[in-house]
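File shown: final_20.tsv. Contents: TSV, C-alpha atoms.
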```
chain	number	residue	atom	x	y	z
P	897	MET	CA	-23.89	22.50	4.45
P	898	SER	CA	-22.18	19.11	4.24
P	899	HIS	CA	-21.35	16.21	6.48
P	900	LEU	CA	-17.61	15.45	6.41
P	901	ALA	CA	-16.10	12.12	7.42
P	902	ILE	CA	-12.40	12.04	8.30
P	903	VAL	CA	-11.08	8.52	7.78
P	904	ILE	CA	-7.88	7.45	9.54
P	905	PRO	CA	-6.38	4.02	8.83
P	906	VAL	CA	-4.50	3.01	11.99
P	907	TYR	CA	-1.93	0.29	12.51
P	908	ASN	CA	0.15	0.34	15.70
P	909	GLU	CA	-0.05	4.10	16.17
P	910	GLY	CA	-0.81	3.93	19.90
P	911	LYS	CA	1.90	6.47	20.70
P	912	VAL	CA	0.46	9.23	18.55
P	913	ILE	CA	-3.09	8.44	17.46
P	914	ARG	CA	-4.83	10.21	20.34
P	915	LYS	CA	-2.87	13.40	19.65
P	916	VAL	CA	-3.63	13.10	15.92
P	917	ILE	CA	-7.38	12.76	16.50
P	918	GLU	CA	-7.49	15.53	19.10
P	919	SER	CA	-5.75	17.89	16.68
P	920	LEU	CA	-8.44	17.46	14.03
P	921	PRO	CA	-10.88	20.34	13.44
P	922	THR	CA	-14.34	20.33	15.02
P	923	LYS	CA	-15.71	23.03	12.70
P	924	LEU	CA	-15.06	23.94	9.09
P	925	LYS	CA	-16.58	26.52	6.79
P	926	GLY	CA	-19.29	24.93	4.63
P	927	VAL	CA	-19.41	21.81	6.82
P	928	ARG	CA	-22.24	21.22	9.29
P	929	GLN	CA	-20.92	18.04	10.89
P	930	ILE	CA	-17.53	16.31	11.16
P	931	THR	CA	-17.33	12.61	11.99
P	932	ILE	CA	-14.01	10.92	12.55
P	933	ILE	CA	-13.76	7.24	11.63
P	934	ALA	CA	-10.58	5.57	12.92
P	935	VAL	CA	-10.09	2.12	11.41
P	936	ASN	CA	-7.89	0.06	13.66
P	937	ASP	CA	-6.36	-2.44	11.23
P	938	GLY	CA	-5.57	-5.26	13.66
P	939	SER	CA	-3.06	-3.28	15.72
P	940	THR	CA	-1.09	-5.25	18.29
P	941	ASP	CA	-0.44	-2.23	20.52
P	942	ASP	CA	-2.89	-0.05	22.47
P	943	SER	CA	-4.17	1.90	19.43
P	944	ALA	CA	-7.78	0.75	19.95
P	945	ARG	CA	-7.74	1.82	23.62
P	946	GLU	CA	-6.27	5.21	22.71
P	947	ILE	CA	-8.88	5.77	19.97
P	948	HIS	CA	-11.62	4.83	22.41
P	949	LYS	CA	-10.63	7.80	24.61
P	950	THR	CA	-11.35	10.23	21.76
P	951	ARG	CA	-14.45	11.46	19.91
P	952	ALA	CA	-13.65	9.21	16.93
P	953	ILE	CA	-15.79	6.25	15.92
P	954	LEU	CA	-13.64	3.17	16.36
P	955	VAL	CA	-13.88	0.50	13.67
P	956	ASN	CA	-11.92	-2.66	14.38
P	957	HIS	CA	-10.48	-5.03	11.81
P	958	PRO	CA	-10.02	-8.43	13.44
P	959	ILE	CA	-6.74	-8.93	11.56
P	960	ASN	CA	-4.11	-6.71	9.94
P	961	LEU	CA	-4.68	-6.45	6.20
P	962	GLY	CA	-2.97	-3.20	5.25
P	963	ALA	CA	-3.58	0.50	4.78
P	964	GLY	CA	-5.68	-0.05	1.66
P	965	SER	CA	-8.03	-2.38	3.40
P	966	ALA	CA	-8.49	0.06	6.31
P	967	THR	CA	-9.11	2.90	3.84
P	968	ILE	CA	-11.78	0.89	2.02
P	969	THR	CA	-13.52	0.08	5.32
P	970	GLY	CA	-13.32	3.73	6.41
P	971	LEU	CA	-14.80	5.01	3.15
P	972	GLU	CA	-17.54	2.38	3.32
P	973	GLY	CA	-18.27	3.55	6.87
P	974	ALA	CA	-18.42	7.16	5.64
P	975	LYS	CA	-21.01	6.17	3.05
P	976	ARG	CA	-23.09	4.32	5.64
P	977	ILE	CA	-23.26	7.31	7.99
P	978	GLY	CA	-24.42	9.43	5.07
P	979	ALA	CA	-21.32	11.60	4.71
P	980	ASP	CA	-21.32	14.00	1.77
P	981	LEU	CA	-17.56	14.01	1.50
P	982	ALA	CA	-14.61	12.26	3.09
P	983	VAL	CA	-10.97	13.01	3.78
P	984	THR	CA	-8.37	10.33	4.43
P	985	ILE	CA	-5.33	11.12	6.55
P	986	ASP	CA	-2.47	8.99	7.90
P	987	GLY	CA	-2.49	7.95	11.53
P	988	ASP	CA	1.19	8.68	12.14
P	989	GLY	CA	0.76	12.44	12.49
P	990	GLN	CA	2.61	13.39	9.29
P	991	HIS	CA	-0.34	15.44	8.00
P	992	ASP	CA	-1.18	18.94	9.15
P	993	PRO	CA	-4.84	19.12	10.29
P	994	LYS	CA	-5.05	22.65	8.86
P	995	ASP	CA	-4.72	21.13	5.38
P	996	ILE	CA	-8.05	19.34	5.71
P	997	TYR	CA	-9.86	22.52	4.80
P	998	THR	CA	-7.40	23.18	1.94
P	999	LEU	CA	-8.29	19.75	0.59
P	1000	VAL	CA	-12.03	20.00	1.15
P	1001	LYS	CA	-12.40	23.39	-0.58
P	1002	PRO	CA	-12.12	22.14	-4.20
P	1003	ILE	CA	-14.77	19.48	-3.45
P	1004	LEU	CA	-17.15	21.89	-1.72
P	1005	PHE	CA	-16.80	24.94	-3.92
P	1006	ASP	CA	-15.21	23.92	-7.24
P	1007	ASP	CA	-17.04	20.71	-8.08
P	1008	PHE	CA	-14.00	18.46	-7.97
P	1009	ASP	CA	-14.48	14.78	-7.06
P	1010	LEU	CA	-11.02	13.87	-5.86
P	1011	ALA	CA	-8.43	16.19	-4.29
P	1012	ILE	CA	-4.94	14.79	-3.78
P	1013	GLY	CA	-2.82	16.39	-1.07
P	1014	SER	CA	0.62	16.82	-2.60
P	1015	ARG	CA	3.69	17.02	-0.37
P	1016	LEU	CA	5.47	18.78	-3.24
P	1017	GLU	CA	5.63	22.12	-1.43
P	1018	ASN	CA	7.54	20.68	1.45
P	1019	ARG	CA	9.70	18.33	-0.58
P	1020	ASP	CA	12.97	19.56	0.92
P	1021	ASN	CA	11.93	17.91	4.18
P	1022	MET	CA	11.28	14.61	2.44
P	1023	PRO	CA	14.12	12.07	2.80
P	1024	ILE	CA	15.96	11.52	-0.51
P	1025	PHE	CA	15.10	7.80	-0.78
P	1026	LYS	CA	11.41	8.67	-0.35
P	1027	ARG	CA	11.68	11.34	-3.05
P	1028	VAL	CA	13.21	8.90	-5.55
P	1029	GLY	CA	10.72	6.13	-4.69
P	1030	ASN	CA	7.84	8.57	-4.90
P	1031	TRP	CA	8.88	9.76	-8.35
P	1032	GLY	CA	9.12	6.15	-9.59
P	1033	LEU	CA	5.65	5.38	-8.26
P	1034	ASN	CA	4.28	8.59	-9.80
P	1035	LEU	CA	5.56	7.32	-13.13
P	1036	VAL	CA	4.02	3.86	-12.63
P	1037	THR	CA	0.72	5.47	-11.62
P	1038	PHE	CA	0.83	7.68	-14.72
P	1039	ILE	CA	1.50	4.70	-17.00
P	1040	LEU	CA	-1.37	2.72	-15.45
P	1041	SER	CA	-3.91	5.53	-15.06
P	1042	GLY	CA	-3.00	8.16	-17.64
P	1043	HIS	CA	-3.12	10.84	-14.94
P	1044	TRP	CA	0.06	12.59	-13.80
P	1045	THR	CA	0.29	13.63	-10.20
P	1046	THR	CA	3.28	14.94	-8.27
P	1047	ASP	CA	2.47	12.82	-5.22
P	1048	SER	CA	0.59	9.66	-6.11
P	1049	GLN	CA	1.48	8.06	-2.75
P	1050	SER	CA	-0.07	10.73	-0.59
P	1051	GLY	CA	-2.40	9.32	2.05
P	1052	MET	CA	-4.20	12.64	2.35
P	1053	LYS	CA	-7.05	12.81	-0.14
P	1054	ALA	CA	-10.55	14.23	-0.25
P	1055	PHE	CA	-13.49	12.47	-1.91
P	1056	SER	CA	-16.81	13.86	-3.08
P	1057	LYS	CA	-19.99	11.83	-2.57
P	1058	ARG	CA	-19.78	10.79	-6.23
P	1059	ALA	CA	-16.16	9.69	-5.79
P	1060	MET	CA	-17.05	7.63	-2.70
P	1061	ARG	CA	-19.83	5.97	-4.68
P	1062	GLU	CA	-17.99	5.35	-7.95
P	1063	ILE	CA	-14.38	4.64	-7.05
P	1064	THR	CA	-13.89	0.88	-6.84
P	1065	LEU	CA	-11.03	-0.27	-4.63
P	1066	LYS	CA	-9.73	-3.79	-4.29
P	1067	THR	CA	-6.13	-3.58	-3.11
P	1068	CYS	CA	-5.22	-4.05	0.53
P	1069	GLY	CA	-1.84	-2.37	0.95
P	1070	PHE	CA	-0.27	1.01	0.22
P	1071	GLU	CA	-0.98	0.49	-3.49
P	1072	VAL	CA	-4.47	1.81	-2.74
P	1073	CYS	CA	-3.03	5.34	-3.15
P	1074	SER	CA	-2.37	4.70	-6.86
P	1075	GLU	CA	-5.49	2.58	-7.25
P	1076	ILE	CA	-7.67	5.51	-6.14
P	1077	ILE	CA	-6.23	7.63	-8.96
P	1078	MET	CA	-6.56	4.79	-11.49
P	1079	SER	CA	-10.19	4.20	-10.58
P	1080	ALA	CA	-11.08	7.92	-10.45
P	1081	LYS	CA	-9.55	8.48	-13.86
P	1082	SER	CA	-11.34	5.50	-15.41
P	1083	LYS	CA	-14.66	6.81	-14.03
P	1084	ARG	CA	-13.87	10.24	-15.52
P	1085	LEU	CA	-14.02	11.98	-12.15
P	1086	LYS	CA	-12.63	15.49	-11.78
P	1087	ILE	CA	-9.24	15.25	-10.07
P	1088	CYS	CA	-7.14	18.07	-8.66
P	1089	GLU	CA	-3.96	18.39	-6.63
P	1090	VAL	CA	-3.54	20.63	-3.61
P	1091	PRO	CA	-0.21	21.41	-1.93
P	1092	ILE	CA	-0.06	20.29	1.71
P	1093	ASN	CA	2.47	20.45	4.51
P	1094	THR	CA	4.12	17.35	5.86
P	1095	ILE	CA	5.55	16.87	9.32
P	1096	TYR	CA	8.54	14.54	9.01
P	1097	ASP	CA	9.61	13.81	12.56
P	1098	GLY	CA	11.50	10.71	13.70
P	1099	TYR	CA	8.28	8.81	14.28
P	1100	SER	CA	6.61	9.40	10.90
P	1101	GLN	CA	9.88	8.72	9.05
P	1102	LYS	CA	10.03	5.25	10.56
P	1103	LYS	CA	6.52	4.60	9.26
P	1104	GLY	CA	5.38	4.45	5.64
P	1105	GLN	CA	6.58	2.23	2.84
P	1106	SER	CA	9.83	0.34	2.66
P	1107	ILE	CA	11.82	-0.22	-0.54
P	1108	PHE	CA	10.83	-3.91	-0.44
P	1109	ASN	CA	7.21	-2.88	-0.49
P	1110	GLY	CA	7.78	-0.70	-3.57
P	1111	VAL	CA	8.43	-3.70	-5.82
P	1112	ASN	CA	5.46	-5.57	-4.38
P	1113	LEU	CA	3.29	-2.51	-4.86
P	1114	VAL	CA	4.12	-2.21	-8.56
P	1115	VAL	CA	3.41	-5.92	-9.14
P	1116	LYS	CA	0.03	-5.62	-7.39
P	1117	LEU	CA	-0.94	-2.51	-9.38
P	1118	ILE	CA	-0.10	-4.22	-12.67
P	1119	PHE	CA	-2.10	-7.29	-11.57
P	1120	ARG	CA	-5.01	-5.02	-10.61
P	1121	LYS	CA	-4.84	-3.27	-14.00
P	1122	ILE	CA	-4.83	-6.57	-15.88
P	1123	THR	CA	-7.57	-8.26	-13.87
P	1124	GLY	CA	-9.71	-5.13	-13.55
Q	777	MET	CA	27.25	-11.65	-20.99
Q	778	ILE	CA	24.10	-13.62	-20.02
Q	779	ILE	CA	25.97	-15.15	-17.10
Q	780	THR	CA	27.06	-11.69	-15.95
Q	781	PHE	CA	23.45	-10.46	-16.07
Q	782	SER	CA	22.21	-13.49	-14.17
Q	783	LYS	CA	24.89	-12.87	-11.52
Q	784	VAL	CA	23.84	-9.25	-11.14
Q	785	PHE	CA	20.12	-10.06	-10.98
Q	786	ALA	CA	20.58	-12.97	-8.60
Q	787	THR	CA	22.76	-10.82	-6.32
Q	788	ILE	CA	20.30	-7.90	-6.32
Q	789	PHE	CA	17.31	-10.12	-5.57
Q	790	ALA	CA	19.18	-12.14	-2.97
Q	791	LEU	CA	20.25	-8.90	-1.27
Q	792	MET	CA	16.60	-7.87	-1.19
Q	793	VAL	CA	15.21	-11.19	-0.03
Q	794	LEU	CA	17.75	-12.40	2.53
Q	795	PRO	CA	17.68	-9.31	4.82
Q	796	LYS	CA	13.86	-9.27	4.55
Q	797	LEU	CA	13.80	-12.92	5.63
Q	798	ILE	CA	15.84	-12.08	8.72
Q	799	VAL	CA	13.72	-9.01	9.51
Q	800	GLU	CA	10.49	-11.02	9.21
Q	801	TYR	CA	11.87	-13.84	11.34
Q	802	ARG	CA	12.98	-11.40	14.04
Q	803	ALA	CA	9.56	-9.74	13.92
Q	804	LYS	CA	8.07	-13.23	14.43
Q	805	LYS	CA	6.16	-12.97	11.15
Q	806	GLU	CA	7.86	-16.07	9.76
Q	807	SER	CA	8.73	-19.40	11.35
Q	808	PHE	CA	12.32	-20.62	11.77
Q	809	GLN	CA	11.74	-23.52	9.36
Q	810	MET	CA	10.39	-21.28	6.59
Q	811	THR	CA	13.20	-18.78	7.11
Q	812	VAL	CA	15.80	-21.54	6.74
Q	813	PHE	CA	13.94	-23.01	3.73
Q	814	TRP	CA	13.89	-19.72	1.79
Q	815	ALA	CA	17.43	-18.84	2.87
Q	816	VAL	CA	18.66	-22.19	1.45
Q	817	ILE	CA	16.69	-21.62	-1.80
Q	818	TRP	CA	18.20	-18.16	-2.29
Q	819	VAL	CA	21.71	-19.22	-1.41
Q	820	GLY	CA	21.18	-22.00	-3.99
Q	821	VAL	CA	20.09	-19.42	-6.58
Q	822	LEU	CA	23.26	-17.43	-5.86
Q	823	ILE	CA	25.46	-20.50	-6.17
Q	824	LEU	CA	23.89	-21.46	-9.52
Q	825	ALA	CA	24.22	-17.90	-10.80
Q	826	TYR	CA	27.93	-17.78	-9.97
Q	827	PHE	CA	28.68	-21.41	-10.91
Q	828	PRO	CA	26.28	-22.28	-13.78
Q	829	GLY	CA	28.58	-25.14	-14.78
Q	830	LEU	CA	27.21	-27.05	-11.79
Q	831	VAL	CA	23.93	-27.69	-13.65
Q	832	GLU	CA	25.77	-29.18	-16.63
Q	833	TRP	CA	27.87	-31.29	-14.29
Q	834	VAL	CA	24.72	-32.69	-12.62
Q	835	ILE	CA	23.08	-33.42	-15.99
Q	836	LYS	CA	26.19	-35.25	-17.20
Q	837	LYS	CA	26.24	-37.27	-13.98
Q	838	MET	CA	22.63	-38.22	-14.70
Q	839	GLY	CA	23.66	-39.63	-18.07
Q	840	SER	CA	22.50	-36.87	-20.40
Q	841	VAL	CA	24.82	-34.50	-22.25
Q	842	SER	CA	22.49	-32.14	-24.06
Q	843	GLY	CA	19.47	-29.94	-23.61
Q	844	VAL	CA	20.66	-27.66	-20.82
Q	845	GLU	CA	18.87	-24.73	-22.42
Q	846	THR	CA	15.71	-26.81	-22.77
Q	847	ILE	CA	15.77	-27.74	-19.12
Q	848	TYR	CA	16.33	-24.09	-18.14
Q	849	GLY	CA	13.48	-23.03	-20.43
Q	850	ILE	CA	11.01	-25.61	-19.14
Q	851	ALA	CA	11.96	-24.82	-15.54
Q	852	PHE	CA	11.50	-21.10	-16.12
Q	853	ILE	CA	8.06	-21.50	-17.69
Q	854	PHE	CA	7.00	-23.92	-14.96
Q	855	ILE	CA	8.15	-21.54	-12.23
Q	856	MET	CA	6.37	-18.61	-13.87
Q	857	TYR	CA	3.16	-20.65	-14.11
Q	858	ILE	CA	3.34	-21.77	-10.47
Q	859	ASN	CA	4.16	-18.21	-9.47
Q	860	TYR	CA	1.10	-16.90	-11.29
Q	861	ARG	CA	-1.20	-19.53	-9.78
Q	862	ILE	CA	0.04	-18.81	-6.27
Q	863	TYR	CA	-0.26	-15.08	-6.80
Q	864	ALA	CA	-3.78	-15.30	-8.22
Q	865	LYS	CA	-4.90	-17.55	-5.38
Q	866	SER	CA	-3.36	-15.39	-2.67
Q	867	HIS	CA	-4.96	-12.35	-4.29
Q	868	ARG	CA	-8.37	-14.02	-4.14
Q	869	ILE	CA	-7.89	-15.00	-0.50
Q	870	GLU	CA	-6.76	-11.46	0.33
Q	871	GLN	CA	-9.91	-10.05	-1.31
Q	872	ASN	CA	-12.15	-12.39	0.66
Q	873	LEU	CA	-10.36	-11.56	3.91
Q	874	ARG	CA	-10.75	-7.86	3.20
Q	875	LYS	CA	-14.48	-8.22	2.61
Q	876	ILE	CA	-14.87	-10.15	5.88
Q	877	ALA	CA	-12.79	-7.59	7.82
Q	878	THR	CA	-14.91	-4.73	6.42
Q	879	GLN	CA	-18.15	-6.52	7.28
Q	880	VAL	CA	-17.00	-7.33	10.81
Q	881	GLY	CA	-15.61	-3.82	11.35
Q	882	LEU	CA	-18.77	-2.09	10.17
Q	883	LYS	CA	-21.23	-4.37	11.93
Q	884	GLU	CA	-22.23	-1.61	14.33
Q	885	PHE	CA	-23.02	0.71	11.42
Q	886	GLU	CA	-25.93	-1.49	10.31
```

Before we go any further, please render this structure as structure tokens.
Amino acid sequence: MSHLAIVIPVYNEGKVIRKVIESLPTKLKGVRQITIIAVNDGSTDDSAREIHKTRAILVNHPINLGAGSATITGLEGAKRIGADLAVTIDGDGQHDPKDIYTLVKPILFDDFDLAIGSRLENRDNMPIFKRVGNWGLNLVTFILSGHWTTDSQSGMKAFSKRAMREITLKTCGFEVCSEIIMSAKSKRLKICEVPINTIYDGYSQKKGQSIFNGVNLVVKLIFRKITG
Amino acid sequence: MIITFSKVFATIFALMVLPKLIVEYRAKKESFQMTVFWAVIWVGVLILAYFPGLVEWVIKKMGSVSGVETIYGIAFIFIMYINYRIYAKSHRIEQNLRKIATQVGLKEFE
């Protein structure tokens, strides 16, 4: 039986974060304990106060550094509490909590190290500009990592203990999604993709990456690849 | 042909940068002075892209009549070098900030 850490990077999600955390499972098959680590990445709204009202462990970044930075802190926290596996989910409520088990299964029972939640199944709901941008970033991720995935920018991923230990992350922003795949591939970890549902409501559509960020993201990934 | 390409590129990048400048200023992420500074720079880039003859005119006024390509080349390399230095430095600072934020955030885990 394993100890699962659910890591949620949070930036100005005060409106929804409490609901997101409360919707997370308290029990899962093959898991003896679930710990939620919410990393408040320098939010300027009441995110921290809302997280405090829940069962999640609140980790505060003194300043806003980006989703990647919050993910790194969350995974480091998961290691320190002795978690055997970790799942990352977005704080905007776009992920279905039921998919956590779908994502954890390949790690628990099939010996995979990294499971990527792919929004491929529900792609019709994805706005067209996101679909095009996502495909472009899948291509960039493939060129830089040598691993093709249908949803490289998914924030929902599961990590084995080995993956938490061996994956080296340095980027601070959304580029961490691709960096995780690049690092996992270079460490020869077993990677799989699992279809997940996505809830695209007005709130979650406003969140996520802008087109401006896409260019920046590619530059940072190339820089990361070159500098190692 | 080269001029047409430079017009297209300058227009695309200016259309990306200028609205972002306004958005960041309105979100109070950037000061008024810096917003104006970068807006002037990008409007300047647009003007030079559409009226490249202006550079030649300035050089002639300065007393030289040749080497426009050389000046463009040197300027380009210099800008790329400065760009790289700034990027590398900001990357290093970002890394250090991230390490500090993680340490501060996880203090209670120790």

Closest atom pairs, chain P residues within 10 Å of chain Q, only C-alpha atoms, as a tab-separated table:
```
residue	atom	partner	partner_atom	distance
P:Val935	CA	Q:Gly881	CA	8.1
P:Asn936	CA	Q:Gly881	CA	8.9
P:Asp937	CA	Q:Ala877	CA	8.9
P:Gly938	CA	Q:Ala877	CA	9.6
P:Leu954	CA	Q:Gly881	CA	8.8
P:Val955	CA	Q:Gly881	CA	5.2
P:Asn956	CA	Q:Gly881	CA	4.9
P:His957	CA	Q:Ala877	CA	5.3
P:Pro958	CA	Q:Ala877	CA	6.3
P:Ile959	CA	Q:Ala877	CA	7.2
P:Asn960	CA	Q:Ala877	CA	9.0
P:Leu961	CA	Q:Arg874	CA	6.9
P:Gly962	CA	Q:Arg874	CA	9.3
P:Gly964	CA	Q:Arg874	CA	9.4
P:Ser965	CA	Q:Arg874	CA	6.1
P:Ala966	CA	Q:Thr878	CA	8.0
P:Thr967	CA	Q:Thr878	CA	9.9
P:Ile968	CA	Q:Thr878	CA	7.8
P:Thr969	CA	Q:Thr878	CA	5.1
P:Gly970	CA	Q:Thr878	CA	8.6
P:Glu972	CA	Q:Thr878	CA	8.2
P:Gly973	CA	Q:Leu882	CA	6.6
P:Ala974	CA	Q:Phe885	CA	9.8
P:Arg976	CA	Q:Phe885	CA	6.8
P:Ile977	CA	Q:Phe885	CA	7.4
P:Lys1066	CA	Q:Gln871	CA	6.9
P:Thr1067	CA	Q:Gln871	CA	7.7
P:Cys1068	CA	Q:Arg874	CA	7.2
P:Ile1107	CA	Q:Met792	CA	9.0
P:Phe1108	CA	Q:Met792	CA	7.0
P:Lys1116	CA	Q:His867	CA	8.9
P:Phe1119	CA	Q:Ala864	CA	8.8
P:Arg1120	CA	Q:His867	CA	9.7
P:Thr1123	CA	Q:Ala864	CA	9.8
```

Write out as a list in words each polymer residue whose atoms come within 12 Å of Q:Leu791, counting only C-alpha atoms; drop sequence neighbours fewer than 5 positions from it. Phe1108 of chain P; Lys783, Val784, Phe785, Ala786, Lys796, Leu797, Ile798, Ala815, Trp818, Val819, Val821 and Leu822 of chain Q

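The residue set within 9 Å of P:Asn1034, counting all atoms listed in the file and dropping same-chain residues fewer than 2 places from it, reads Gly1029, Asn1030, Trp1031, Gly1032, Val1036, Thr1037, Phe1038, Ile1039, Trp1044, Thr1045, Thr1046, Asp1047, Ser1048, Gln1049 and Ser1074 of chain P.
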
Between P:Val1114, P:Val906, P:Met1052, P:Ile917, which has the minimum distance to P:Leu1010 (counting all atoms listed in the file)? P:Met1052

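Note that the spacing between atom CA of P:Ile1063 and atom CA of P:Lys1081 amounts to 9.2 Å.
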
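Distance annotation: of Q:Ile850, Q:Val799, Q:Leu830, Q:Leu794, the residue with the minimal separation from Q:Ile817 is Q:Leu794; atom set is only C-alpha atoms.
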
Written-out stretch 797-837 of chain Q (C-alpha atoms) as an mmCIF file, in the first residue's frame:
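Produced file result10.cif, reproduced below:
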```cif
data_model
loop_
_atom_site.group_PDB
_atom_site.id
_atom_site.type_symbol
_atom_site.label_atom_id
_atom_site.label_comp_id
_atom_site.auth_asym_id
_atom_site.auth_seq_id
_atom_site.Cartn_x
_atom_site.Cartn_y
_atom_site.Cartn_z
ATOM 1 C CA LEU Q 797 2.988 46.172 -23.142
ATOM 2 C CA ILE Q 798 -0.432 47.739 -22.638
ATOM 3 C CA VAL Q 799 -1.798 44.647 -20.871
ATOM 4 C CA GLU Q 800 1.194 44.545 -18.499
ATOM 5 C CA TYR Q 801 0.955 48.260 -17.789
ATOM 6 C CA ARG Q 802 -2.769 47.983 -17.036
ATOM 7 C CA ALA Q 803 -2.073 44.992 -14.781
ATOM 8 C CA LYS Q 804 0.492 47.205 -12.985
ATOM 9 C CA LYS Q 805 3.282 44.761 -13.828
ATOM 10 C CA GLU Q 806 5.245 47.432 -15.684
ATOM 11 C CA SER Q 807 5.900 51.089 -14.913
ATOM 12 C CA PHE Q 808 4.662 53.928 -17.125
ATOM 13 C CA GLN Q 809 8.233 54.934 -18.026
ATOM 14 C CA MET Q 810 9.216 51.425 -19.133
ATOM 15 C CA THR Q 811 5.982 51.041 -21.099
ATOM 16 C CA VAL Q 812 6.667 54.287 -22.967
ATOM 17 C CA PHE Q 813 10.344 53.324 -23.481
ATOM 18 C CA TRP Q 814 9.534 49.965 -25.086
ATOM 19 C CA ALA Q 815 6.612 51.412 -27.050
ATOM 20 C CA VAL Q 816 8.969 54.036 -28.553
ATOM 21 C CA ILE Q 817 11.577 51.343 -29.360
ATOM 22 C CA TRP Q 818 9.015 49.174 -31.156
ATOM 23 C CA VAL Q 819 7.433 52.034 -33.023
ATOM 24 C CA GLY Q 820 11.009 52.911 -34.087
ATOM 25 C CA VAL Q 821 11.542 49.337 -35.296
ATOM 26 C CA LEU Q 822 8.336 49.593 -37.336
ATOM 27 C CA ILE Q 823 9.359 52.923 -38.839
ATOM 28 C CA LEU Q 824 12.793 51.561 -39.846
ATOM 29 C CA ALA Q 825 11.223 48.429 -41.319
ATOM 30 C CA TYR Q 826 8.847 50.461 -43.492
ATOM 31 C CA PHE Q 827 11.311 53.263 -44.292
ATOM 32 C CA PRO Q 828 14.786 51.631 -44.375
ATOM 33 C CA GLY Q 829 16.067 54.563 -46.435
ATOM 34 C CA LEU Q 830 16.056 56.596 -43.223
ATOM 35 C CA VAL Q 831 19.191 54.766 -42.015
ATOM 36 C CA GLU Q 832 21.067 55.611 -45.218
ATOM 37 C CA TRP Q 833 19.909 59.208 -44.952
ATOM 38 C CA VAL Q 834 21.258 59.459 -41.379
ATOM 39 C CA ILE Q 835 24.594 57.880 -42.374
ATOM 40 C CA LYS Q 836 24.976 60.316 -45.278
ATOM 41 C CA LYS Q 837 24.209 63.205 -42.936
#
```
